[in-house]
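S.K.: So I've got this file, model-v2.cif, and it contains mmCIF, C-alpha atoms and all ligand atoms:
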```cif
data_upload
#
loop_
_atom_site.label_atom_id
_atom_site.label_comp_id
_atom_site.auth_asym_id
_atom_site.auth_seq_id
_atom_site.Cartn_x
_atom_site.Cartn_y
_atom_site.Cartn_z
CA MET A 1 -35.17 22.17 23.30
CA LEU A 2 -34.46 23.80 19.95
CA THR A 3 -33.36 27.39 19.87
CA GLU A 4 -33.08 30.02 17.18
CA ILE A 5 -30.38 29.76 14.53
CA ARG A 6 -28.06 32.74 14.98
CA VAL A 7 -26.74 33.81 11.57
CA ALA A 8 -24.34 36.60 10.62
CA ILE A 9 -24.31 37.62 6.95
CA ALA A 10 -21.52 39.14 4.86
CA GLY A 11 -22.88 40.94 1.77
CA ILE A 12 -26.20 42.77 2.15
CA GLY A 13 -27.03 42.46 -1.54
CA ASN A 14 -29.96 41.07 -3.49
CA SER A 15 -29.78 37.46 -2.22
CA THR A 16 -29.65 38.63 1.39
CA SER A 17 -32.62 40.91 0.74
CA SER A 18 -34.76 38.03 -0.58
CA LEU A 19 -33.54 35.62 2.11
CA LEU A 20 -34.47 37.94 5.01
CA GLN A 21 -37.80 38.90 3.47
CA GLY A 22 -38.55 35.18 2.98
CA VAL A 23 -37.68 34.31 6.58
CA GLN A 24 -40.18 36.93 7.82
CA TYR A 25 -42.75 35.84 5.19
CA TYR A 26 -42.70 32.20 6.39
CA ALA A 27 -42.60 33.16 10.09
CA GLU A 28 -45.72 35.33 9.64
CA ASN A 29 -47.73 33.34 7.10
CA GLY A 30 -47.28 29.85 8.48
CA ASN A 31 -47.55 28.32 5.00
CA SER A 32 -44.83 26.37 3.24
CA ILE A 33 -45.52 27.13 -0.44
CA GLY A 34 -42.20 27.70 -2.20
CA LEU A 35 -40.12 25.85 0.38
CA LEU A 36 -38.38 22.52 -0.18
CA HIS A 37 -38.85 21.59 3.50
CA GLU A 38 -41.19 23.12 6.06
CA LYS A 39 -39.23 21.63 8.96
CA LEU A 40 -35.70 20.27 9.09
CA GLY A 41 -34.57 18.59 12.31
CA GLY A 42 -37.42 20.51 13.98
CA TYR A 43 -36.25 23.91 12.70
CA THR A 44 -38.52 26.11 10.59
CA ALA A 45 -37.35 28.89 8.25
CA GLY A 46 -38.70 31.37 10.83
CA ASP A 47 -36.15 30.10 13.41
CA ILE A 48 -33.36 31.85 11.45
CA LYS A 49 -32.31 34.97 13.35
CA LEU A 50 -29.99 37.60 11.94
CA VAL A 51 -27.38 38.63 14.54
CA ALA A 52 -24.81 40.63 12.53
CA ALA A 53 -24.40 42.07 9.03
CA PHE A 54 -21.35 43.22 7.06
CA ASP A 55 -20.93 45.11 3.80
CA ILE A 56 -18.55 47.71 2.37
CA ASP A 57 -20.97 49.98 0.50
CA LYS A 58 -21.51 53.50 1.82
CA ASN A 59 -25.22 53.19 0.93
CA LYS A 60 -25.58 50.30 3.39
CA ILE A 61 -23.07 50.81 6.22
CA GLY A 62 -24.58 52.21 9.44
CA LYS A 63 -28.16 51.48 8.34
CA ASP A 64 -30.57 49.01 9.88
CA VAL A 65 -30.61 45.92 7.65
CA SER A 66 -34.34 46.46 6.91
CA GLU A 67 -33.34 49.71 5.19
CA ALA A 68 -29.99 48.57 3.75
CA ILE A 69 -31.58 45.74 1.73
CA HIS A 70 -33.36 48.35 -0.42
CA ALA A 71 -30.34 50.65 -0.87
CA GLU A 72 -28.78 51.12 -4.33
CA PRO A 73 -27.62 49.13 -6.25
CA ASN A 74 -29.91 46.40 -4.78
CA LYS A 75 -32.87 45.54 -7.01
CA ALA A 76 -34.43 42.51 -5.26
CA PRO A 77 -38.24 42.69 -5.32
CA LYS A 78 -40.10 43.77 -2.18
CA MET A 79 -42.19 40.78 -1.07
CA VAL A 80 -42.81 41.91 2.53
CA GLU A 81 -42.17 45.06 4.55
CA LEU A 82 -39.15 43.87 6.55
CA LYS A 83 -39.50 44.90 10.19
CA LYS A 84 -36.67 46.90 11.77
CA THR A 85 -34.10 44.28 12.73
CA GLY A 86 -32.03 46.27 15.24
CA ILE A 87 -28.99 44.99 13.34
CA VAL A 88 -26.87 47.72 11.80
CA VAL A 89 -24.64 46.93 8.81
CA GLN A 90 -20.97 47.05 9.83
CA MET A 91 -17.91 47.67 7.68
CA GLY A 92 -16.14 44.57 6.40
CA PRO A 93 -12.67 44.08 4.92
CA HIS A 94 -12.16 44.93 1.22
CA PRO A 95 -8.90 43.43 -0.04
CA ASP A 96 -10.18 42.92 -3.62
CA SER A 97 -10.07 45.42 -6.48
CA LEU A 98 -13.33 47.28 -7.04
CA ASN A 99 -12.49 48.01 -10.67
CA GLY A 100 -14.84 46.80 -13.37
CA ASN A 101 -18.31 45.22 -13.41
CA THR A 102 -20.47 44.88 -10.29
CA MET A 103 -17.79 45.93 -7.86
CA SER A 104 -17.60 49.29 -9.62
CA GLN A 105 -21.24 49.86 -8.59
CA ILE A 106 -20.15 49.72 -4.96
CA VAL A 107 -19.56 53.11 -3.34
CA LEU A 108 -16.83 52.13 -0.91
CA ALA A 109 -17.50 53.49 2.59
CA LYS A 110 -14.62 55.42 4.10
CA LYS A 111 -14.61 53.43 7.33
CA GLU A 112 -12.19 51.11 9.07
CA PRO A 113 -13.27 47.47 8.90
CA VAL A 114 -14.54 46.04 12.18
CA ASP A 115 -12.96 42.93 13.70
CA ILE A 116 -15.26 40.32 12.15
CA ALA A 117 -14.21 37.49 14.50
CA GLU A 118 -14.88 39.69 17.55
CA VAL A 119 -18.35 40.61 16.29
CA LEU A 120 -19.14 36.95 15.62
CA LYS A 121 -18.08 36.06 19.18
CA GLU A 122 -19.96 38.97 20.79
CA THR A 123 -23.16 38.17 18.92
CA LYS A 124 -22.81 34.41 19.59
CA ALA A 125 -23.29 33.66 15.89
CA ASP A 126 -23.72 29.96 15.08
CA LEU A 127 -22.97 30.51 11.40
CA LEU A 128 -21.48 33.12 9.07
CA LEU A 129 -23.16 33.15 5.66
CA ASN A 130 -20.97 34.55 2.88
CA LEU A 131 -23.07 36.34 0.24
CA ILE A 132 -20.56 38.93 -0.96
CA SER A 133 -20.00 39.76 -4.63
CA GLY A 134 -18.61 37.02 -6.86
CA GLY A 135 -14.94 37.74 -7.62
CA ALA A 136 -14.22 39.17 -4.13
CA ASP A 137 -12.26 36.01 -3.38
CA LYS A 138 -9.71 37.47 -0.97
CA ALA A 139 -12.51 38.89 1.19
CA SER A 140 -14.35 35.54 1.11
CA ARG A 141 -11.23 33.95 2.51
CA LEU A 142 -10.93 36.58 5.26
CA TYR A 143 -14.54 35.92 6.31
CA ALA A 144 -13.87 32.16 6.44
CA GLU A 145 -10.78 32.78 8.59
CA ALA A 146 -12.79 35.05 10.92
CA ALA A 147 -15.43 32.31 11.32
CA LEU A 148 -12.68 29.84 12.22
CA LYS A 149 -11.24 32.23 14.79
CA ALA A 150 -14.65 32.86 16.34
CA GLY A 151 -15.70 29.20 16.52
CA CYS A 152 -18.47 29.75 13.97
CA GLY A 153 -19.65 27.53 11.10
CA PHE A 154 -19.19 28.97 7.58
CA ILE A 155 -21.40 28.83 4.49
CA ASN A 156 -19.85 30.00 1.22
CA ALA A 157 -22.58 30.80 -1.31
CA THR A 158 -20.10 32.60 -3.61
CA PRO A 159 -18.02 31.01 -6.40
CA ALA A 160 -14.78 31.57 -4.40
CA GLY A 161 -12.98 28.28 -3.67
CA ILE A 162 -13.32 27.79 0.11
CA VAL A 163 -14.58 24.21 0.54
CA ASN A 164 -12.49 23.33 -2.51
CA ASP A 165 -9.37 24.67 -0.80
CA ILE A 166 -8.04 21.60 1.01
CA SER A 167 -6.14 23.67 3.59
CA MET A 168 -9.30 25.61 4.49
CA ALA A 169 -11.48 22.48 4.70
CA SER A 170 -8.84 20.82 6.93
CA ALA A 171 -8.66 23.90 9.17
CA PHE A 172 -12.43 23.70 9.78
CA LYS A 173 -12.11 19.97 10.46
CA ARG A 174 -9.31 20.52 13.01
CA ALA A 175 -11.34 23.29 14.68
CA GLY A 176 -14.42 21.01 14.94
CA LEU A 177 -16.52 23.44 12.88
CA PRO A 178 -18.88 22.80 9.93
CA LEU A 179 -18.19 24.25 6.48
CA ALA A 180 -20.41 24.30 3.35
CA GLY A 181 -19.99 25.55 -0.25
CA ASP A 182 -18.97 26.46 -2.89
CA ASP A 183 -21.32 28.48 -5.15
CA LEU A 184 -24.96 28.07 -4.23
CA MET A 185 -27.24 26.06 -6.53
CA SER A 186 -30.49 28.05 -6.75
CA GLN A 187 -33.93 26.46 -6.35
CA MET A 188 -35.08 27.09 -9.96
CA GLY A 189 -31.65 28.11 -11.15
CA ALA A 190 -30.58 27.27 -14.67
CA THR A 191 -28.00 24.74 -13.43
CA ALA A 192 -30.55 22.85 -11.30
CA VAL A 193 -33.12 22.82 -14.14
CA HIS A 194 -30.49 21.77 -16.70
CA ILE A 195 -29.30 18.88 -14.51
CA GLY A 196 -32.90 17.79 -13.85
CA LEU A 197 -33.75 17.90 -17.57
CA LEU A 198 -30.69 15.92 -18.67
CA GLU A 199 -31.04 13.36 -15.84
CA PHE A 200 -34.69 12.89 -16.87
CA LEU A 201 -33.82 12.36 -20.56
CA ASP A 202 -31.04 9.94 -19.60
CA SER A 203 -33.42 8.00 -17.32
CA ARG A 204 -35.80 7.66 -20.33
CA GLY A 205 -33.08 5.99 -22.41
CA VAL A 206 -32.53 9.09 -24.55
CA HIS A 207 -28.96 9.69 -25.78
CA ILE A 208 -27.79 13.30 -25.44
CA ASP A 209 -25.43 14.45 -28.22
CA GLU A 210 -25.22 18.19 -27.57
CA SER A 211 -26.59 20.62 -25.02
CA TYR A 212 -26.13 24.21 -24.02
CA GLN A 213 -27.61 26.42 -21.35
CA LEU A 214 -26.96 30.14 -21.44
CA ASP A 215 -28.60 32.95 -19.57
CA VAL A 216 -28.88 36.71 -19.52
CA GLY A 217 -29.74 38.74 -16.46
CA GLY A 218 -29.99 42.23 -15.09
CA GLY A 219 -28.79 41.92 -11.46
CA SER A 220 -25.40 43.22 -10.36
CA GLU A 221 -24.12 39.63 -10.27
CA SER A 222 -24.82 39.45 -14.03
CA ILE A 223 -22.48 42.39 -14.68
CA ASN A 224 -19.99 40.64 -12.48
CA THR A 225 -20.29 37.39 -14.39
CA LEU A 226 -19.74 39.27 -17.63
CA GLU A 227 -16.10 39.96 -16.94
CA LYS A 228 -14.87 39.00 -13.54
CA THR A 229 -16.26 35.49 -13.02
CA ARG A 230 -17.44 34.43 -16.51
CA ASP A 231 -14.71 31.79 -17.05
CA ILE A 232 -14.86 30.36 -13.54
CA LYS A 233 -18.70 30.34 -13.61
CA ARG A 234 -18.69 28.55 -16.98
CA THR A 235 -16.26 25.92 -15.69
CA ILE A 236 -18.23 25.42 -12.45
CA LYS A 237 -21.60 25.19 -14.23
CA THR A 238 -20.38 22.92 -17.06
CA ASP A 239 -18.62 20.60 -14.58
CA ALA A 240 -21.68 20.57 -12.32
CA VAL A 241 -23.94 19.46 -15.17
CA LYS A 242 -21.53 17.07 -16.93
CA LYS A 243 -20.94 14.91 -13.86
CA HIS A 244 -24.64 13.94 -13.81
CA ILE A 245 -24.60 12.07 -17.12
CA PRO A 246 -22.55 8.84 -17.31
CA TYR A 247 -21.04 9.49 -20.78
CA ASP A 248 -19.33 12.33 -22.62
CA PHE A 249 -21.23 14.73 -24.89
CA GLU A 250 -20.84 18.28 -26.21
CA LEU A 251 -21.85 20.67 -23.42
CA VAL A 252 -21.67 24.38 -22.73
CA SER A 253 -23.22 25.84 -19.60
CA GLY A 254 -22.73 29.38 -18.43
CA SER A 255 -23.96 32.95 -18.27
CA ALA A 256 -23.88 34.94 -21.49
CA ASP A 257 -24.59 38.61 -20.98
CA PHE A 258 -25.97 41.52 -18.98
CA VAL A 259 -29.29 43.10 -20.01
CA ASP A 260 -29.93 46.08 -17.75
CA PHE A 261 -33.70 46.35 -18.34
CA LEU A 262 -34.19 42.84 -16.93
CA VAL A 263 -33.43 44.48 -13.53
CA ASN A 264 -33.45 41.49 -11.11
CA GLY A 265 -34.79 39.16 -13.82
CA ARG A 266 -32.98 36.31 -15.55
CA ASP A 267 -33.84 34.56 -18.82
CA SER A 268 -32.29 31.11 -19.16
CA PHE A 269 -32.16 29.27 -22.49
CA PHE A 270 -31.77 25.50 -22.82
CA PHE A 271 -30.98 23.48 -25.91
CA VAL A 272 -30.66 19.70 -26.19
CA LYS A 273 -30.04 17.61 -29.31
CA GLY A 274 -30.03 13.82 -29.17
CA LYS A 275 -31.41 10.47 -30.26
CA TYR A 276 -34.12 8.16 -29.02
CA PHE A 277 -35.63 4.86 -30.27
CA SER A 278 -33.94 3.45 -33.40
CA GLY A 279 -31.74 6.55 -33.73
CA ALA A 280 -34.62 9.00 -34.26
CA GLU A 281 -33.35 12.53 -33.70
CA PHE A 282 -34.86 15.35 -31.63
CA THR A 283 -34.07 18.88 -30.56
CA LEU A 284 -35.49 20.64 -27.52
CA ASP A 285 -35.53 24.42 -26.92
CA MET A 286 -36.72 25.84 -23.65
CA LYS A 287 -36.77 29.25 -21.96
CA LEU A 288 -37.13 29.90 -18.24
CA SER A 289 -37.75 33.41 -16.86
CA THR A 290 -37.15 33.99 -13.15
CA GLU A 291 -36.41 36.68 -10.58
CA ASP A 292 -32.80 36.12 -9.59
CA SER A 293 -32.60 36.79 -5.87
CA PRO A 294 -35.63 34.86 -4.50
CA ASN A 295 -34.13 31.89 -6.33
CA ALA A 296 -31.41 31.70 -3.69
CA GLY A 297 -33.81 31.81 -0.72
CA ALA A 298 -35.32 28.31 -0.49
CA VAL A 299 -31.95 26.58 -0.79
CA LEU A 300 -30.34 29.02 1.67
CA VAL A 301 -32.97 28.38 4.38
CA ASP A 302 -32.35 24.63 3.98
CA VAL A 303 -28.57 25.00 3.96
CA ILE A 304 -28.67 27.23 7.08
CA ARG A 305 -30.85 24.72 8.93
CA GLY A 306 -28.68 21.81 7.69
CA MET A 307 -25.56 23.58 8.96
CA LYS A 308 -27.12 24.30 12.36
CA ILE A 309 -27.96 20.60 12.63
CA ALA A 310 -24.34 19.83 11.66
CA LYS A 311 -23.14 22.20 14.40
CA ASP A 312 -25.51 20.63 16.95
CA LYS A 313 -24.15 17.19 16.00
CA GLY A 314 -20.52 18.35 16.16
CA THR A 315 -19.88 17.60 12.46
CA ALA A 316 -16.49 19.04 11.51
CA GLY A 317 -15.06 20.11 8.12
CA ALA A 318 -16.99 20.08 4.82
CA VAL A 319 -20.50 18.77 5.56
CA GLU A 320 -20.92 16.60 2.46
CA PRO A 321 -24.70 16.04 2.55
CA VAL A 322 -25.22 19.83 2.77
CA CYS A 323 -22.57 20.65 0.14
CA SER A 324 -23.89 18.17 -2.46
CA TYR A 325 -27.49 19.25 -1.84
CA GLY A 326 -27.05 23.02 -1.99
CA PHE A 327 -23.98 23.88 -4.05
CA LYS A 328 -22.65 23.72 -7.59
CA ARG A 329 -19.11 22.78 -6.52
CA PRO A 330 -19.34 20.29 -3.63
CA PRO A 331 -16.41 18.04 -2.68
CA ARG A 332 -18.32 15.07 -4.17
CA ARG A 333 -21.19 14.90 -6.68
CA TYR A 334 -24.15 12.55 -6.75
CA MET A 335 -27.33 12.24 -8.81
CA MET A 336 -29.98 14.77 -7.68
CA THR A 337 -32.24 12.13 -6.10
CA GLU A 338 -29.27 10.74 -4.16
CA THR A 339 -28.28 14.19 -2.82
CA TYR A 340 -31.86 14.77 -1.57
CA LYS A 341 -31.84 11.36 0.14
CA GLN A 342 -28.51 12.02 1.85
CA PHE A 343 -29.61 15.50 2.97
CA LYS A 344 -32.90 14.16 4.39
CA GLU A 345 -31.10 11.38 6.25
CA PHE A 346 -28.54 13.83 7.69
CA THR A 347 -31.11 16.42 8.78
CA GLY A 348 -33.83 13.93 9.80
N1 LIG B 401 -28.90 34.74 -6.28
C1 LIG B 401 -28.56 33.48 -6.51
O1 LIG B 401 -29.43 32.68 -6.82
C2 LIG B 401 -27.12 33.02 -6.37
C3 LIG B 401 -26.81 31.75 -6.83
C4 LIG B 401 -25.51 31.28 -6.74
C5 LIG B 401 -24.52 32.07 -6.17
N2 LIG B 401 -24.82 33.32 -5.74
C6 LIG B 401 -23.73 34.12 -5.19
O2 LIG B 401 -24.14 34.82 -4.02
C7 LIG B 401 -23.40 36.05 -3.92
C8 LIG B 401 -24.38 37.19 -3.70
O3 LIG B 401 -25.20 37.34 -4.84
P1 LIG B 401 -26.13 38.63 -4.98
O4 LIG B 401 -26.93 38.45 -6.20
O5 LIG B 401 -26.79 38.90 -3.68
O6 LIG B 401 -25.02 39.77 -5.25
P2 LIG B 401 -25.14 41.34 -5.03
O7 LIG B 401 -24.16 41.97 -5.95
O8 LIG B 401 -26.56 41.78 -5.09
O9 LIG B 401 -24.65 41.57 -3.50
C9 LIG B 401 -23.32 41.43 -3.09
C10 LIG B 401 -23.12 42.30 -1.85
O10 LIG B 401 -21.80 42.05 -1.33
C11 LIG B 401 -21.24 43.31 -0.93
N3 LIG B 401 -19.79 43.16 -0.83
C12 LIG B 401 -18.84 43.15 -1.81
N4 LIG B 401 -17.61 42.99 -1.27
C13 LIG B 401 -17.79 42.87 0.07
C14 LIG B 401 -16.91 42.68 1.17
N5 LIG B 401 -15.59 42.59 1.00
N6 LIG B 401 -17.43 42.60 2.42
C15 LIG B 401 -18.79 42.69 2.63
N7 LIG B 401 -19.68 42.89 1.62
C16 LIG B 401 -19.18 42.96 0.36
C17 LIG B 401 -21.74 44.29 -2.00
O11 LIG B 401 -21.64 45.63 -1.56
C18 LIG B 401 -23.19 43.81 -2.13
O12 LIG B 401 -24.02 44.43 -1.15
C19 LIG B 401 -22.59 36.17 -5.21
O13 LIG B 401 -21.25 35.78 -4.98
C20 LIG B 401 -23.28 35.20 -6.15
O14 LIG B 401 -22.40 34.68 -7.14
C21 LIG B 401 -26.10 33.82 -5.83
#
```
Please express the file's structure as structure tokens.
M.R.:
Amino acid sequence: MLTEIRVAIAGIGNSTSSLLQGVQYYAENGNSIGLLHEKLGGYTAGDIKLVAAFDIDKNKIGKDVSEAIHAEPNKAPKMVELKKTGIVVQMGPHPDSLNGNTMSQIVLAKKEPVDIAEVLKETKADLLLNLISGGADKASRLYAEAALKAGCGFINATPAGIVNDISMASAFKRAGLPLAGDDLMSQMGATAVHIGLLEFLDSRGVHIDESYQLDVGGGSESINTLEKTRDIKRTIKTDAVKKHIPYDFELVSGSADFVDFLVNGRDSFFFVKGKYFSGAEFTLDMKLSTEDSPNAGAVLVDVIRGMKIAKDKGTAGAVEPVCSYGFKRPPRRYMMTETYKQFKEFTG
């Protein structure tokens, strides 16, 4: 018989806020609008159960998660009134500098970090989901190591290189534990839309000469991208898109700037220039406006269920069908349709 999926989360920021609100929304409403899959291996989104939460911000530590998700500087929209969870946010490790960009918005709590591995064991967590700030790479590594120690699967939604670190992926393989990452690919995120657009044009025999995708946003991750992770984000996004087209062309893909009045909003701009029949030229300009944090939710509820299925099956190391389906920097890349097929086969 299937049981709940016991998930611990590091980083009670905007993505966590939208994820937890979404889990309650689908559990209560019984509809599946906005989801990619209603059921995966028999699990619904409502089967996800939060068992522990970690952050480092004074505004969040010691509070019930239902309250912490609305604490400053979080800006994720309120979609449901999250019920009291009974899970209090505990202090995590903070080995990274808090200077500059989003990390400077964090009011560091004056508390000793708890033993993450011990908490994961005590709460019988199946999975630890890493949703801490981009750029906090040392902490991301510490959370992955704690998951290993506790016998817990690990999902790295941040741009930190965890799955892409061969020693880390091998350690999970040796321990018989599943690992997924790196850098979540959002449901309607600019990278996913850009890949879909270019794959479509290529499938129609159109030759792409030049393309860029740039976005501006108002969430704390946008400030972070501005300085701390701009170069790495640009490399990850450009690589992620380029590998989907079988020839070389001029391509720039990345975040451009922070616009505070967009709050949790993101405006993504797409440009494509190319040729079609008999060398006729075209240009395409497109703008997509989204709320940033709910964009992570649908893919996260699939990745969490995919990773629980991996754990149930005893899959060890990087779980390739989950990584290629849900992340911008998987160990191996496939065309979008192929990644969906592999994910469905694995979770079916
Ligand atoms: N929202 C999306 O669609 C999306 C897409 C791809 C990747 N991501 C990644 O997911 C992560 C979370 O994004 P977000 O928009 O929720 O960010 P956010 O800034 O809203 O939240 C990050 C949270 O992590 C906490 N934190 C920082 N250092 C920590 C530590 N050492 N231990 C515990 N908590 C710590 C912060 O206090 C904050 O609460 C980022 O790394 C981002 O790049 C998000």
S.K.: Go through A:Lys275, A:Lys237, A:His207, A:Arg333 and flag the residue nearest ligand LIG 401 (chain B), using only C-alpha atoms and all ligand atoms for the distances.
M.R.: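 With only C-alpha atoms and all ligand atoms as the atom set, the closest residue is A:Lys237.
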S.K.: Would you write out, as JSON lines, a table of all residues in chain A that have an atom no more than 8 Å from an atom of ligand LIG 401 (chain B), listing for each the closest atom pair and the distance in Å to one decimal, considering only C-alpha atoms and all ligand atoms and ordering rows by chain and rising residue number?
M.R.:
```
{"residue": "A:Ala10", "atom": "CA", "partner": "B:LIG401", "partner_atom": "C15", "distance": 5.0}
{"residue": "A:Gly11", "atom": "CA", "partner": "B:LIG401", "partner_atom": "O10", "distance": 3.5}
{"residue": "A:Ile12", "atom": "CA", "partner": "B:LIG401", "partner_atom": "O12", "distance": 4.3}
{"residue": "A:Gly13", "atom": "CA", "partner": "B:LIG401", "partner_atom": "O9", "distance": 3.2}
{"residue": "A:Asn14", "atom": "CA", "partner": "B:LIG401", "partner_atom": "O8", "distance": 3.8}
{"residue": "A:Ser15", "atom": "CA", "partner": "B:LIG401", "partner_atom": "O5", "distance": 3.6}
{"residue": "A:Thr16", "atom": "CA", "partner": "B:LIG401", "partner_atom": "O5", "distance": 5.8}
{"residue": "A:Ser17", "atom": "CA", "partner": "B:LIG401", "partner_atom": "O5", "distance": 7.6}
{"residue": "A:Phe54", "atom": "CA", "partner": "B:LIG401", "partner_atom": "C15", "distance": 5.1}
{"residue": "A:Asp55", "atom": "CA", "partner": "B:LIG401", "partner_atom": "N7", "distance": 3.4}
{"residue": "A:Ile56", "atom": "CA", "partner": "B:LIG401", "partner_atom": "N7", "distance": 5.0}
{"residue": "A:Asp57", "atom": "CA", "partner": "B:LIG401", "partner_atom": "O11", "distance": 4.9}
{"residue": "A:Lys60", "atom": "CA", "partner": "B:LIG401", "partner_atom": "O12", "distance": 7.6}
{"residue": "A:Pro73", "atom": "CA", "partner": "B:LIG401", "partner_atom": "O8", "distance": 7.5}
{"residue": "A:Asn74", "atom": "CA", "partner": "B:LIG401", "partner_atom": "O8", "distance": 5.7}
{"residue": "A:Lys75", "atom": "CA", "partner": "B:LIG401", "partner_atom": "O8", "distance": 7.6}
{"residue": "A:Ala76", "atom": "CA", "partner": "B:LIG401", "partner_atom": "O8", "distance": 7.9}
{"residue": "A:Met91", "atom": "CA", "partner": "B:LIG401", "partner_atom": "C15", "distance": 7.1}
{"residue": "A:Gly92", "atom": "CA", "partner": "B:LIG401", "partner_atom": "N6", "distance": 4.6}
{"residue": "A:Pro93", "atom": "CA", "partner": "B:LIG401", "partner_atom": "N5", "distance": 5.1}
{"residue": "A:His94", "atom": "CA", "partner": "B:LIG401", "partner_atom": "N5", "distance": 4.2}
{"residue": "A:Pro95", "atom": "CA", "partner": "B:LIG401", "partner_atom": "N5", "distance": 6.8}
{"residue": "A:Asp96", "atom": "CA", "partner": "B:LIG401", "partner_atom": "N5", "distance": 7.1}
{"residue": "A:Thr102", "atom": "CA", "partner": "B:LIG401", "partner_atom": "O7", "distance": 6.4}
{"residue": "A:Met103", "atom": "CA", "partner": "B:LIG401", "partner_atom": "C12", "distance": 6.7}
{"residue": "A:Ile106", "atom": "CA", "partner": "B:LIG401", "partner_atom": "O11", "distance": 5.5}
{"residue": "A:Val107", "atom": "CA", "partner": "B:LIG401", "partner_atom": "O11", "distance": 8.0}
{"residue": "A:Asn130", "atom": "CA", "partner": "B:LIG401", "partner_atom": "C7", "distance": 7.4}
{"residue": "A:Leu131", "atom": "CA", "partner": "B:LIG401", "partner_atom": "C7", "distance": 4.2}
{"residue": "A:Ile132", "atom": "CA", "partner": "B:LIG401", "partner_atom": "O10", "distance": 3.4}
{"residue": "A:Ser133", "atom": "CA", "partner": "B:LIG401", "partner_atom": "C9", "distance": 4.0}
{"residue": "A:Gly134", "atom": "CA", "partner": "B:LIG401", "partner_atom": "O13", "distance": 3.5}
{"residue": "A:Gly135", "atom": "CA", "partner": "B:LIG401", "partner_atom": "O13", "distance": 7.1}
{"residue": "A:Ala136", "atom": "CA", "partner": "B:LIG401", "partner_atom": "N4", "distance": 5.9}
{"residue": "A:Ala139", "atom": "CA", "partner": "B:LIG401", "partner_atom": "N5", "distance": 4.8}
{"residue": "A:Ser140", "atom": "CA", "partner": "B:LIG401", "partner_atom": "N5", "distance": 7.2}
{"residue": "A:Ala157", "atom": "CA", "partner": "B:LIG401", "partner_atom": "O2", "distance": 5.1}
{"residue": "A:Thr158", "atom": "CA", "partner": "B:LIG401", "partner_atom": "O13", "distance": 3.6}
{"residue": "A:Pro159", "atom": "CA", "partner": "B:LIG401", "partner_atom": "O14", "distance": 5.8}
{"residue": "A:Ala160", "atom": "CA", "partner": "B:LIG401", "partner_atom": "O13", "distance": 7.7}
{"residue": "A:Asp183", "atom": "CA", "partner": "B:LIG401", "partner_atom": "C5", "distance": 4.9}
{"residue": "A:Leu184", "atom": "CA", "partner": "B:LIG401", "partner_atom": "C4", "distance": 4.1}
{"residue": "A:Met185", "atom": "CA", "partner": "B:LIG401", "partner_atom": "C4", "distance": 5.5}
{"residue": "A:Ser186", "atom": "CA", "partner": "B:LIG401", "partner_atom": "O1", "distance": 4.8}
{"residue": "A:Gln187", "atom": "CA", "partner": "B:LIG401", "partner_atom": "O1", "distance": 7.7}
{"residue": "A:Gly189", "atom": "CA", "partner": "B:LIG401", "partner_atom": "O1", "distance": 6.7}
{"residue": "A:Gly219", "atom": "CA", "partner": "B:LIG401", "partner_atom": "O4", "distance": 6.6}
{"residue": "A:Ser220", "atom": "CA", "partner": "B:LIG401", "partner_atom": "O7", "distance": 4.7}
{"residue": "A:Glu221", "atom": "CA", "partner": "B:LIG401", "partner_atom": "O7", "distance": 4.9}
{"residue": "A:Asn224", "atom": "CA", "partner": "B:LIG401", "partner_atom": "O7", "distance": 7.9}
{"residue": "A:Asp292", "atom": "CA", "partner": "B:LIG401", "partner_atom": "N1", "distance": 5.3}
{"residue": "A:Ser293", "atom": "CA", "partner": "B:LIG401", "partner_atom": "N1", "distance": 4.2}
{"residue": "A:Pro294", "atom": "CA", "partner": "B:LIG401", "partner_atom": "N1", "distance": 7.0}
{"residue": "A:Asn295", "atom": "CA", "partner": "B:LIG401", "partner_atom": "O1", "distance": 4.8}
{"residue": "A:Ala296", "atom": "CA", "partner": "B:LIG401", "partner_atom": "O1", "distance": 3.8}
{"residue": "A:Gly297", "atom": "CA", "partner": "B:LIG401", "partner_atom": "O1", "distance": 7.6}
```
S.K.: Given all atoms listed in the file as the basis, pick out the residue of A:Glu320, A:Asp231, A:Asp302, A:Asp267 nearest to A:Asp182.
M.R.: A:Glu320
S.K.: Mind pulling up the distance from atom CA of A:Ser203 to atom CA of A:Thr191?
M.R.: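 Value for the atom CA of A:Thr191-atom CA of A:Ser203 distance: 18.0 Å.
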S.K.: What residues have an atom no more than 10 Å from (-29.3, 18.7, 14.2) in the file's own frame, counting all atoms listed in the file, and can you write them as a ChimeraX atom specification?
M.R.: /A:2,40-43,305-315,346-348
S.K.: If we count all atoms listed in the file, what is near A:Ala256 at a cut-off of 6 Å, once residues fewer than 3 positions away on the same chain are taken out, given as a compact mmCIF listing (two decimals) with C-alpha atoms, in the frame of the given file?
M.R.:
```
# COMPACT_ATOMS: atom_id res chain seq x y z
CA LEU A 214 -26.96 30.14 -21.44
CA ASP A 215 -28.60 32.95 -19.57
CA VAL A 216 -28.88 36.71 -19.52
```
S.K.: Hey, which of A:Glu210, A:Phe327, A:Val263, A:Met336 ends up closest to A:His244? Count all atoms listed in the file.
M.R.: A:Met336
S.K.: So that I can see what lies close to A:Val88, please list as a list in words the residues with an atom at most 6 Å from it, counting only C-alpha atoms and leaving out residues fewer than 3 positions away in the same chain.
M.R.: Gly62, Lys63, Asp64 and Val65 of chain A
S.K.: I want to know what sits within 10 Å of A:Tyr26, based on all atoms listed in the file, with residues of the same chain fewer than 2 positions away left out; could you give that as a list in words?
M.R.: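 Surrounding residues, per the criterion: Gln21, Gly22, Val23, Gln24, Glu28, Asn29, Gly30, Asn31, Ser32, Ile33, Gly34, Leu35, Glu38, Thr44, Ala45, Gly46 and Asp47 of chain A.
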